[in-house]
file protein.txt (compact mmCIF, N, CA and C atoms and all ligand atoms)
# COMPACT_ATOMS: atom_id res chain seq x y z
N MET A 1 -29.35 -103.35 -66.14
CA MET A 1 -28.93 -104.61 -65.54
C MET A 1 -29.42 -104.65 -64.10
N LEU A 2 -30.10 -105.74 -63.77
CA LEU A 2 -30.59 -105.91 -62.41
C LEU A 2 -29.68 -106.87 -61.64
N SER A 3 -29.45 -106.53 -60.39
CA SER A 3 -28.67 -107.40 -59.50
C SER A 3 -29.31 -107.33 -58.13
N GLU A 4 -30.50 -107.91 -58.02
CA GLU A 4 -31.31 -107.72 -56.82
C GLU A 4 -31.06 -108.75 -55.73
N GLY A 5 -30.26 -109.74 -56.01
CA GLY A 5 -30.01 -110.75 -55.00
C GLY A 5 -31.15 -111.74 -54.87
N LYS A 6 -31.39 -112.17 -53.63
CA LYS A 6 -32.30 -113.28 -53.37
C LYS A 6 -33.74 -113.01 -53.82
N GLY A 7 -34.21 -111.80 -53.65
CA GLY A 7 -35.62 -111.50 -53.96
C GLY A 7 -35.77 -110.53 -55.11
N PRO A 8 -35.78 -111.05 -56.33
CA PRO A 8 -35.80 -110.15 -57.51
C PRO A 8 -37.18 -109.54 -57.76
N ARG A 9 -37.58 -108.65 -56.87
CA ARG A 9 -38.93 -108.09 -56.95
C ARG A 9 -39.14 -107.23 -58.18
N LEU A 10 -38.13 -106.42 -58.49
CA LEU A 10 -38.27 -105.54 -59.66
C LEU A 10 -38.35 -106.36 -60.95
N ALA A 11 -37.51 -107.39 -61.03
CA ALA A 11 -37.55 -108.25 -62.21
C ALA A 11 -38.93 -108.88 -62.38
N LYS A 12 -39.49 -109.35 -61.28
CA LYS A 12 -40.83 -109.94 -61.33
C LYS A 12 -41.85 -108.91 -61.74
N ALA A 13 -41.74 -107.72 -61.16
CA ALA A 13 -42.70 -106.65 -61.48
C ALA A 13 -42.63 -106.28 -62.96
N LEU A 14 -41.45 -106.40 -63.53
CA LEU A 14 -41.30 -106.08 -64.95
C LEU A 14 -41.79 -107.21 -65.85
N GLY A 15 -42.03 -108.38 -65.24
CA GLY A 15 -42.60 -109.49 -66.00
C GLY A 15 -41.61 -110.39 -66.70
N VAL A 16 -40.39 -110.48 -66.19
CA VAL A 16 -39.42 -111.38 -66.82
C VAL A 16 -39.83 -112.83 -66.60
N ALA A 17 -39.39 -113.71 -67.48
CA ALA A 17 -39.65 -115.13 -67.32
C ALA A 17 -38.86 -115.65 -66.12
N MET A 18 -39.55 -116.42 -65.29
CA MET A 18 -38.94 -116.99 -64.10
C MET A 18 -39.00 -118.52 -64.18
N SER A 19 -38.05 -119.17 -63.51
CA SER A 19 -38.10 -120.63 -63.45
C SER A 19 -38.89 -121.04 -62.20
N LYS A 20 -39.18 -122.33 -62.09
CA LYS A 20 -40.00 -122.80 -60.98
C LYS A 20 -39.35 -122.58 -59.62
N ASP A 21 -38.00 -122.56 -59.61
CA ASP A 21 -37.31 -122.38 -58.32
C ASP A 21 -37.13 -120.91 -57.95
N GLY A 22 -37.76 -120.02 -58.70
CA GLY A 22 -37.72 -118.60 -58.35
C GLY A 22 -36.57 -117.83 -58.96
N ALA A 23 -35.82 -118.46 -59.85
CA ALA A 23 -34.71 -117.78 -60.50
C ALA A 23 -35.19 -117.00 -61.72
N VAL A 24 -34.58 -115.85 -61.93
CA VAL A 24 -34.83 -115.14 -63.18
C VAL A 24 -34.15 -115.93 -64.30
N GLN A 25 -34.88 -116.23 -65.35
CA GLN A 25 -34.31 -117.00 -66.46
C GLN A 25 -33.46 -116.08 -67.33
N VAL A 26 -32.21 -116.48 -67.54
CA VAL A 26 -31.29 -115.70 -68.37
C VAL A 26 -30.51 -116.65 -69.27
N ASP A 27 -29.94 -116.08 -70.35
CA ASP A 27 -29.04 -116.89 -71.17
C ASP A 27 -27.61 -116.74 -70.61
N VAL A 28 -26.63 -117.29 -71.31
CA VAL A 28 -25.26 -117.27 -70.77
C VAL A 28 -24.70 -115.86 -70.63
N ASN A 29 -25.30 -114.89 -71.32
CA ASN A 29 -24.84 -113.51 -71.22
C ASN A 29 -25.71 -112.65 -70.31
N GLY A 30 -26.60 -113.29 -69.57
CA GLY A 30 -27.41 -112.57 -68.61
C GLY A 30 -28.65 -111.91 -69.19
N ARG A 31 -28.95 -112.22 -70.45
CA ARG A 31 -30.13 -111.61 -71.06
C ARG A 31 -31.40 -112.27 -70.53
N THR A 32 -32.36 -111.46 -70.14
CA THR A 32 -33.65 -111.99 -69.68
C THR A 32 -34.59 -112.10 -70.87
N SER A 33 -35.83 -112.43 -70.58
CA SER A 33 -36.85 -112.56 -71.64
C SER A 33 -37.27 -111.19 -72.17
N ILE A 34 -36.85 -110.12 -71.50
CA ILE A 34 -37.19 -108.77 -71.95
C ILE A 34 -35.97 -108.17 -72.66
N ASP A 35 -36.20 -107.68 -73.84
CA ASP A 35 -35.11 -107.15 -74.66
C ASP A 35 -34.31 -106.08 -73.91
N ARG A 36 -33.00 -106.23 -73.90
CA ARG A 36 -32.05 -105.29 -73.31
C ARG A 36 -32.14 -105.19 -71.78
N LEU A 37 -32.83 -106.12 -71.17
CA LEU A 37 -32.86 -106.19 -69.70
C LEU A 37 -32.04 -107.40 -69.26
N TYR A 38 -31.02 -107.14 -68.48
CA TYR A 38 -30.14 -108.20 -68.00
C TYR A 38 -30.35 -108.40 -66.50
N THR A 39 -30.10 -109.61 -66.06
CA THR A 39 -30.10 -109.88 -64.62
C THR A 39 -28.88 -110.76 -64.31
N VAL A 40 -28.26 -110.48 -63.18
CA VAL A 40 -27.05 -111.24 -62.81
C VAL A 40 -27.14 -111.72 -61.37
N GLY A 41 -26.27 -112.64 -61.06
CA GLY A 41 -26.02 -113.03 -59.68
C GLY A 41 -27.07 -113.94 -59.07
N ARG A 42 -27.24 -113.74 -57.81
CA ARG A 42 -28.09 -114.63 -57.02
C ARG A 42 -29.52 -114.71 -57.54
N SER A 43 -30.00 -113.65 -58.13
CA SER A 43 -31.36 -113.67 -58.68
C SER A 43 -31.52 -114.76 -59.73
N THR A 44 -30.43 -115.10 -60.37
CA THR A 44 -30.50 -116.07 -61.47
C THR A 44 -30.12 -117.48 -61.04
N ARG A 45 -29.58 -117.63 -59.84
CA ARG A 45 -29.16 -118.94 -59.34
C ARG A 45 -29.31 -118.98 -57.83
N PRO A 46 -30.55 -118.99 -57.35
CA PRO A 46 -30.77 -118.89 -55.91
C PRO A 46 -30.16 -120.04 -55.12
N GLY A 47 -30.00 -121.20 -55.74
CA GLY A 47 -29.48 -122.35 -55.00
C GLY A 47 -27.97 -122.41 -54.93
N ARG A 48 -27.29 -121.78 -55.87
CA ARG A 48 -25.82 -121.85 -55.92
C ARG A 48 -25.28 -120.46 -56.16
N SER A 49 -24.88 -119.82 -55.09
CA SER A 49 -24.47 -118.43 -55.22
C SER A 49 -23.17 -118.18 -54.48
N GLN A 50 -22.25 -117.55 -55.14
CA GLN A 50 -21.00 -117.10 -54.53
C GLN A 50 -20.71 -115.71 -55.08
N ALA A 51 -19.98 -114.93 -54.31
CA ALA A 51 -19.71 -113.55 -54.70
C ALA A 51 -19.01 -113.48 -56.06
N ILE A 52 -18.04 -114.36 -56.26
CA ILE A 52 -17.28 -114.27 -57.50
C ILE A 52 -18.13 -114.68 -58.71
N ILE A 53 -19.13 -115.52 -58.48
CA ILE A 53 -20.02 -115.90 -59.58
C ILE A 53 -20.85 -114.69 -60.00
N SER A 54 -21.36 -113.96 -59.03
CA SER A 54 -22.14 -112.76 -59.36
C SER A 54 -21.26 -111.73 -60.08
N ALA A 55 -20.03 -111.58 -59.61
CA ALA A 55 -19.12 -110.63 -60.27
C ALA A 55 -18.83 -111.06 -61.71
N GLY A 56 -18.63 -112.36 -61.89
CA GLY A 56 -18.39 -112.87 -63.24
C GLY A 56 -19.59 -112.68 -64.15
N ASP A 57 -20.78 -112.90 -63.58
CA ASP A 57 -22.00 -112.65 -64.37
C ASP A 57 -22.01 -111.21 -64.87
N GLY A 58 -21.64 -110.30 -63.98
CA GLY A 58 -21.64 -108.88 -64.35
C GLY A 58 -20.66 -108.59 -65.47
N ALA A 59 -19.51 -109.26 -65.44
CA ALA A 59 -18.52 -109.08 -66.51
C ALA A 59 -19.06 -109.59 -67.84
N ALA A 60 -19.75 -110.73 -67.79
CA ALA A 60 -20.33 -111.28 -69.03
C ALA A 60 -21.36 -110.33 -69.62
N VAL A 61 -22.17 -109.73 -68.75
CA VAL A 61 -23.17 -108.76 -69.21
C VAL A 61 -22.48 -107.54 -69.82
N ALA A 62 -21.45 -107.06 -69.15
CA ALA A 62 -20.75 -105.88 -69.65
C ALA A 62 -20.22 -106.11 -71.06
N ILE A 63 -19.63 -107.27 -71.28
CA ILE A 63 -19.09 -107.58 -72.61
C ILE A 63 -20.21 -107.69 -73.63
N ASP A 64 -21.34 -108.27 -73.21
CA ASP A 64 -22.45 -108.39 -74.15
C ASP A 64 -23.01 -107.02 -74.53
N ILE A 65 -23.11 -106.14 -73.56
CA ILE A 65 -23.62 -104.78 -73.84
C ILE A 65 -22.63 -104.04 -74.75
N LEU A 66 -21.35 -104.13 -74.43
CA LEU A 66 -20.35 -103.46 -75.26
C LEU A 66 -20.36 -104.00 -76.68
N SER A 67 -20.55 -105.32 -76.81
CA SER A 67 -20.60 -105.92 -78.14
C SER A 67 -21.83 -105.44 -78.90
N ALA A 68 -22.97 -105.36 -78.19
CA ALA A 68 -24.20 -104.89 -78.84
C ALA A 68 -24.03 -103.44 -79.30
N GLU A 69 -23.42 -102.63 -78.47
CA GLU A 69 -23.21 -101.23 -78.83
C GLU A 69 -22.24 -101.09 -80.00
N ALA A 70 -21.21 -101.93 -80.01
CA ALA A 70 -20.21 -101.85 -81.07
C ALA A 70 -20.68 -102.50 -82.36
N GLY A 71 -21.69 -103.39 -82.25
CA GLY A 71 -22.18 -104.09 -83.42
C GLY A 71 -21.27 -105.22 -83.86
N GLU A 72 -20.37 -105.63 -82.99
CA GLU A 72 -19.46 -106.73 -83.26
C GLU A 72 -18.92 -107.23 -81.92
N PRO A 73 -18.37 -108.47 -81.91
CA PRO A 73 -17.84 -108.98 -80.64
C PRO A 73 -16.78 -108.04 -80.07
N PHE A 74 -16.94 -107.69 -78.82
CA PHE A 74 -16.02 -106.76 -78.18
C PHE A 74 -14.86 -107.53 -77.57
N CYS A 75 -13.67 -107.01 -77.76
CA CYS A 75 -12.47 -107.66 -77.23
C CYS A 75 -12.33 -107.34 -75.75
N ALA A 76 -12.52 -108.36 -74.90
CA ALA A 76 -12.50 -108.15 -73.46
C ALA A 76 -11.15 -107.62 -72.98
N ARG A 77 -10.06 -107.94 -73.69
CA ARG A 77 -8.75 -107.49 -73.24
C ARG A 77 -8.64 -105.97 -73.27
N LEU A 78 -9.49 -105.33 -74.06
CA LEU A 78 -9.38 -103.88 -74.21
C LEU A 78 -10.15 -103.11 -73.16
N ILE A 79 -10.96 -103.79 -72.36
CA ILE A 79 -11.82 -103.07 -71.42
C ILE A 79 -11.04 -102.20 -70.44
N PRO A 80 -9.97 -102.71 -69.77
CA PRO A 80 -9.30 -101.84 -68.79
C PRO A 80 -8.78 -100.54 -69.40
N THR A 81 -8.24 -100.61 -70.60
CA THR A 81 -7.74 -99.40 -71.25
C THR A 81 -8.88 -98.55 -71.77
N CYS A 82 -9.77 -99.20 -72.48
CA CYS A 82 -10.80 -98.46 -73.19
C CYS A 82 -11.85 -97.88 -72.27
N ALA A 83 -12.06 -98.49 -71.10
CA ALA A 83 -13.07 -97.98 -70.18
C ALA A 83 -12.74 -96.57 -69.73
N LEU A 84 -11.47 -96.20 -69.82
CA LEU A 84 -11.04 -94.87 -69.38
C LEU A 84 -11.07 -93.85 -70.51
N ARG A 85 -11.40 -94.32 -71.71
CA ARG A 85 -11.34 -93.43 -72.86
C ARG A 85 -12.72 -93.24 -73.48
N PRO A 86 -13.05 -92.02 -73.90
CA PRO A 86 -14.34 -91.81 -74.55
C PRO A 86 -14.44 -92.52 -75.89
N ASP A 87 -13.31 -92.69 -76.56
CA ASP A 87 -13.33 -93.35 -77.87
C ASP A 87 -12.96 -94.82 -77.70
N TRP A 88 -13.69 -95.53 -76.80
CA TRP A 88 -13.32 -96.88 -76.41
C TRP A 88 -13.52 -97.90 -77.50
N ARG A 89 -14.33 -97.58 -78.51
CA ARG A 89 -14.65 -98.59 -79.52
C ARG A 89 -13.39 -99.12 -80.19
N ARG A 90 -13.44 -100.39 -80.49
CA ARG A 90 -12.30 -101.03 -81.12
C ARG A 90 -12.03 -100.40 -82.47
N ARG A 91 -10.77 -100.22 -82.76
CA ARG A 91 -10.42 -99.61 -84.04
C ARG A 91 -10.76 -100.54 -85.21
N PRO A 92 -11.25 -99.98 -86.31
CA PRO A 92 -11.61 -100.80 -87.46
C PRO A 92 -10.42 -101.65 -87.92
N GLY A 93 -10.70 -102.89 -88.23
CA GLY A 93 -9.65 -103.76 -88.75
C GLY A 93 -8.85 -104.48 -87.69
N ARG A 94 -8.95 -104.05 -86.45
CA ARG A 94 -8.18 -104.70 -85.40
C ARG A 94 -8.90 -105.97 -84.96
N ARG A 95 -8.18 -107.06 -84.91
CA ARG A 95 -8.77 -108.33 -84.51
C ARG A 95 -8.34 -108.66 -83.10
N SER A 96 -9.21 -109.39 -82.38
CA SER A 96 -8.90 -109.71 -80.98
C SER A 96 -7.91 -110.87 -80.90
C1 LIG B 101 -24.37 -116.25 -44.46
C2 LIG B 101 -23.79 -116.18 -45.83
C3 LIG B 101 -22.44 -116.40 -46.01
C4 LIG B 101 -21.88 -116.34 -47.30
N1 LIG B 101 -20.55 -116.54 -47.45
C5 LIG B 101 -20.00 -116.42 -48.66
C6 LIG B 101 -18.59 -116.55 -48.84
O1 LIG B 101 -17.84 -116.79 -47.89
N2 LIG B 101 -18.08 -116.40 -50.09
C7 LIG B 101 -18.89 -116.15 -51.16
O2 LIG B 101 -18.39 -116.01 -52.27
N3 LIG B 101 -20.21 -116.03 -51.02
C8 LIG B 101 -20.78 -116.15 -49.81
N4 LIG B 101 -22.13 -116.03 -49.65
C9 LIG B 101 -22.95 -115.83 -50.85
C10 LIG B 101 -22.85 -114.39 -51.30
O3 LIG B 101 -23.24 -113.54 -50.24
C11 LIG B 101 -23.77 -114.22 -52.50
O4 LIG B 101 -23.48 -115.20 -53.48
C12 LIG B 101 -23.56 -112.88 -53.14
O5 LIG B 101 -23.71 -111.84 -52.18
C13 LIG B 101 -24.57 -112.67 -54.23
O6 LIG B 101 -24.32 -111.40 -54.79
P1 LIG B 101 -25.43 -110.67 -55.61
O7 LIG B 101 -24.84 -109.36 -55.99
O8 LIG B 101 -25.95 -111.56 -56.66
O9 LIG B 101 -26.63 -110.42 -54.59
P2 LIG B 101 -26.64 -109.63 -53.19
O10 LIG B 101 -25.32 -109.68 -52.53
O11 LIG B 101 -27.81 -110.13 -52.45
O12 LIG B 101 -26.84 -108.12 -53.63
C14 LIG B 101 -28.06 -107.65 -54.11
C15 LIG B 101 -28.24 -106.23 -53.56
O13 LIG B 101 -29.28 -105.57 -54.29
C16 LIG B 101 -30.06 -104.85 -53.38
N5 LIG B 101 -31.38 -104.68 -54.03
C17 LIG B 101 -32.37 -105.57 -54.16
N6 LIG B 101 -33.38 -105.04 -54.86
C18 LIG B 101 -33.01 -103.78 -55.17
C19 LIG B 101 -33.63 -102.74 -55.91
N7 LIG B 101 -34.85 -102.87 -56.46
N8 LIG B 101 -32.97 -101.58 -56.03
C20 LIG B 101 -31.73 -101.43 -55.50
N9 LIG B 101 -31.09 -102.40 -54.82
C21 LIG B 101 -31.72 -103.55 -54.67
C22 LIG B 101 -30.09 -105.72 -52.13
O14 LIG B 101 -30.43 -104.95 -50.98
C23 LIG B 101 -28.65 -106.19 -52.08
O15 LIG B 101 -27.81 -105.28 -51.41
C24 LIG B 101 -22.71 -116.08 -48.40
C25 LIG B 101 -24.07 -115.85 -48.21
C26 LIG B 101 -24.61 -115.92 -46.95
C27 LIG B 101 -26.08 -115.67 -46.78

call {"tool": "encode", "arguments": {"input": "protein.txt", "output": "structure tokens"}}
result
Amino acid sequence: MLSEGKGPRLAKALGVAMSKDGAVQVDVNGRTSIDRLYTVGRSTRPGRSQAIISAGDGAAVAIDILSAEAGEPFCARLIPTCALRPDWRRRPGRRS
């Protein structure tokens, strides 16, 4: 996950798709045009940036990564507890 701020040089060097205004193009979960490469925050919205927006972007990416790893939608409510446990994966059969 990249969070380079105003000048996303690494993202550019890696060849991610960019918009005309210099933003790294991402979907709602922060996925870039490169598989498994995420970008968050000001790099993705140079014209409208606030600290809490960047933090929220990071949370969306975290949930997307956890969901990809689990192979199913990850229950965000479990993150505070499960982040501290090695067996964080949601128990089979448990619904969010
Ligand atoms: C004057 C000013 C006042 C502001 N006031 C407010 C405010 O009151 N409230 C508010 O919510 N927002 C405010 N903002 C906006 C806020 O600062 C940004 O929205 C927010 O910092 C964006 O966070 P970010 O993590 O996306 O990027 P950044 O905060 O820019 O963080 C990116 C970091 O990544 C580092 N970096 C870049 N490339 C690399 C690399 N290749 N490897 C490692 N590190 C790298 C950079 O040095 C930087 O530290 C203000 C901005 C400015 C300029």

call {"tool": "residues_near_ligand", "arguments": {"input": "protein.txt", "ligand": "ligand LIG 101 (chain B)", "cutoff": "7 Å", "atoms": "all atoms listed in the file", "output": "MDAnalysis selection string"}}
result
chainID A and resid 3:11 40:44 48:55

call {"tool": "atom_distance", "arguments": {"input": "protein.txt", "atom1": "atom C of Gly71 in chain A", "atom2": "atom N of Leu14 in chain A"}}
result
28.7 Å

call {"tool": "residues_around", "arguments": {"input": "protein.txt", "residues": "range 17-19 of chain A", "least_positions_apart": "5", "cutoff": "6 Å", "atoms": "all atoms listed in the file", "output": "list in words"}}
result
Val24, Gln25, Ser33 and Ile34 of chain A

call {"tool": "closest_residue", "arguments": {"input": "protein.txt", "among": "A:Cys75, A:Leu2, A:Ala68, A:Ala62", "to": "Leu37 in chain A", "atoms": "only N, CA and C atoms"}}
result
A:Leu2

call {"tool": "atom_distance", "arguments": {"input": "protein.txt", "atom1": "atom C of Thr32 in chain A", "atom2": "atom N of Phe74 in chain A"}}
result
19.9 Å

call {"tool": "closest_residue", "arguments": {"input": "protein.txt", "among": "A:Lys12, A:Met1, A:Gly47, A:Val61", "to": "Asn29 in chain A", "atoms": "only C-alpha atoms"}}
result
A:Val61

call {"tool": "atom_distance", "arguments": {"input": "protein.txt", "atom1": "CA of Ala23 in chain A", "atom2": "CA of Tyr38 in chain A"}}
result
13.0 Å
